[in-house]
Amino acid sequence: MHRLKALTVLFFLVVTACGTPHRPIPAGTYHPESGNEKIVVVPTRVYFHVNVDKQKPDVIGSREYPYEVLPDGRIYFVVSSNSTFGLRLAMDYEWVWRDGKIVRIDLETGKQTPFALRE
């Protein structure tokens, strides 16, 4: 069942991203207010260096993905069904471009973590 959910989400992400205008996030490195996480954005890709394992909050994973920003600000990226990191990144969190920040929203708790551009 979990695999079916993962494939459904992956399919939705691919279908939704097709045909939508790419609205790039300004390039740079985005950090939360505290901690070692960061998100690096270049014109067509986003590099996540974040924790997605709620059982191990000190473990930072790293992956890169092409991305799209939808008109409502949601950030979509295509992940491989082989990547536990990518599936958690896409299924456990919503990612939004809002007020000049990348915001991670925990879908279970609703907690929001803004990542701001830091030079």
# chains A, B, ... in the order shown; residues from 1 in each chain; ligands from 1

$ residues_around --residues "Lys111 (chain A)" --least-positions-apart "4" --cutoff "12 Å" --atoms "only C-alpha atoms" --output "list in words"
Asp92, Tyr93, Glu94, Trp95, Val103, Arg104, Ile105, Asp106 and Leu107 of chain A

$ write_last_selection --atoms "N, CA and C atoms" --output "PDB file, in the first residue's frame"
ATOM      1  N   ASP A  92       6.156  13.479   2.961  1.00  0.00           N
ATOM      2  CA  ASP A  92       5.976  13.895   4.359  1.00  0.00           C
ATOM      3  C   ASP A  92       5.918  15.407   4.517  1.00  0.00           C
ATOM      4  N   TYR A  93       6.328  16.131   3.477  1.00  0.00           N
ATOM      5  CA  TYR A  93       6.402  17.586   3.559  1.00  0.00           C
ATOM      6  C   TYR A  93       5.817  18.223   2.312  1.00  0.00           C
ATOM      7  N   GLU A  94       5.287  19.419   2.491  1.00  0.00           N
ATOM      8  CA  GLU A  94       4.946  20.259   1.355  1.00  0.00           C
ATOM      9  C   GLU A  94       5.994  21.357   1.337  1.00  0.00           C
ATOM     10  N   TRP A  95       6.425  21.740   0.148  1.00  0.00           N
ATOM     11  CA  TRP A  95       7.443  22.778  -0.022  1.00  0.00           C
ATOM     12  C   TRP A  95       6.812  23.932  -0.773  1.00  0.00           C
ATOM     13  N   VAL A 103       9.576  27.403   2.264  1.00  0.00           N
ATOM     14  CA  VAL A 103       8.948  26.972   3.504  1.00  0.00           C
ATOM     15  C   VAL A 103       8.665  25.470   3.432  1.00  0.00           C
ATOM     16  N   ARG A 104       9.173  24.747   4.436  1.00  0.00           N
ATOM     17  CA  ARG A 104       8.891  23.313   4.577  1.00  0.00           C
ATOM     18  C   ARG A 104       7.715  23.173   5.540  1.00  0.00           C
ATOM     19  N   ILE A 105       6.674  22.485   5.104  1.00  0.00           N
ATOM     20  CA  ILE A 105       5.502  22.270   5.947  1.00  0.00           C
ATOM     21  C   ILE A 105       5.391  20.777   6.229  1.00  0.00           C
ATOM     22  N   ASP A 106       5.478  20.404   7.492  1.00  0.00           N
ATOM     23  CA  ASP A 106       5.329  19.008   7.909  1.00  0.00           C
ATOM     24  C   ASP A 106       3.853  18.646   7.767  1.00  0.00           C
ATOM     25  N   LEU A 107       3.534  17.702   6.899  1.00  0.00           N
ATOM     26  CA  LEU A 107       2.144  17.355   6.635  1.00  0.00           C
ATOM     27  C   LEU A 107       1.477  16.653   7.812  1.00  0.00           C
TER      28      LEU A 107
END

$ residues_around --residues "Lys38 (chain A)" --least-positions-apart "3" --cutoff "7 Å" --atoms "only C-alpha atoms" --output "list in words"
Thr29, Tyr30, His31, Phe48, His49 and Val50 of chain A

$ closest_atom_pairs --of "region 47-78 of chain A" --to "region 83-88 of chain A" --cutoff "8 Å" --atoms "only C-alpha atoms" --output "CSV"
residue,atom,partner,partner_atom,distance
A:Val52,CA,A:Arg88,CA,6.1
A:Asp53,CA,A:Arg88,CA,7.8
A:Gly61,CA,A:Phe85,CA,7.0
A:Arg63,CA,A:Gly86,CA,7.6

$ write_last_selection --atoms "N, CA and C atoms" --output "PDB file, in the first residue's frame"
ATOM      1  N   VAL A  52      15.063  14.412   6.795  1.00  0.00           N
ATOM      2  CA  VAL A  52      13.720  13.916   6.503  1.00  0.00           C
ATOM      3  C   VAL A  52      13.363  12.714   7.369  1.00  0.00           C
ATOM      4  N   ASP A  53      14.264  12.297   8.252  1.00  0.00           N
ATOM      5  CA  ASP A  53      14.027  11.152   9.135  1.00  0.00           C
ATOM      6  C   ASP A  53      13.682  11.670  10.526  1.00  0.00           C
ATOM      7  N   GLY A  61      20.445  14.479   5.038  1.00  0.00           N
ATOM      8  CA  GLY A  61      20.601  13.816   3.750  1.00  0.00           C
ATOM      9  C   GLY A  61      20.775  14.865   2.670  1.00  0.00           C
ATOM     10  N   ARG A  63      20.319  15.528  -1.623  1.00  0.00           N
ATOM     11  CA  ARG A  63      19.925  15.115  -2.974  1.00  0.00           C
ATOM     12  C   ARG A  63      19.611  16.369  -3.775  1.00  0.00           C
TER      13      ARG A  63
END

$ atom_distance --atom1 "CA of Arg74 (chain A)" --atom2 "CA of Ser62 (chain A)"
20.6 Å

$ closest_residue --among "A:Phe77, A:Glu33, A:Asn82, A:Leu89" --to "Ile60 (chain A)" --atoms "only C-alpha atoms"
A:Leu89

$ closest_residue --among "A:Lys101, A:Gln112, A:Leu70, A:Asp58" --to "Ile39 (chain A)" --atoms "only C-alpha atoms"
A:Lys101

$ closest_residue --among "A:Pro26, A:Gly73, A:Pro43, A:Pro32" --to "Ala116 (chain A)" --atoms "only C-alpha atoms"
A:Pro32

$ closest_residue --among "A:Asn51, A:Arg118, A:Ile75, A:Ala27" --to "Ile102 (chain A)" --atoms "only C-alpha atoms"
A:Ile75

$ closest_residue --among "A:Arg45, A:Val78, A:Lys54, A:Ser34" --to "Thr109 (chain A)" --atoms "only C-alpha atoms"
A:Lys54

$ closest_residue --among "A:Gly35, A:Trp97, A:Pro114, A:Lys56" --to "Tyr76 (chain A)" --atoms "only C-alpha atoms"
A:Trp97

$ atom_distance --atom1 "CA of Pro71 (chain A)" --atom2 "CA of Glu37 (chain A)"
26.2 Å

$ atom_distance --atom1 "CA of Gly28 (chain A)" --atom2 "CA of Met91 (chain A)"
24.9 Å
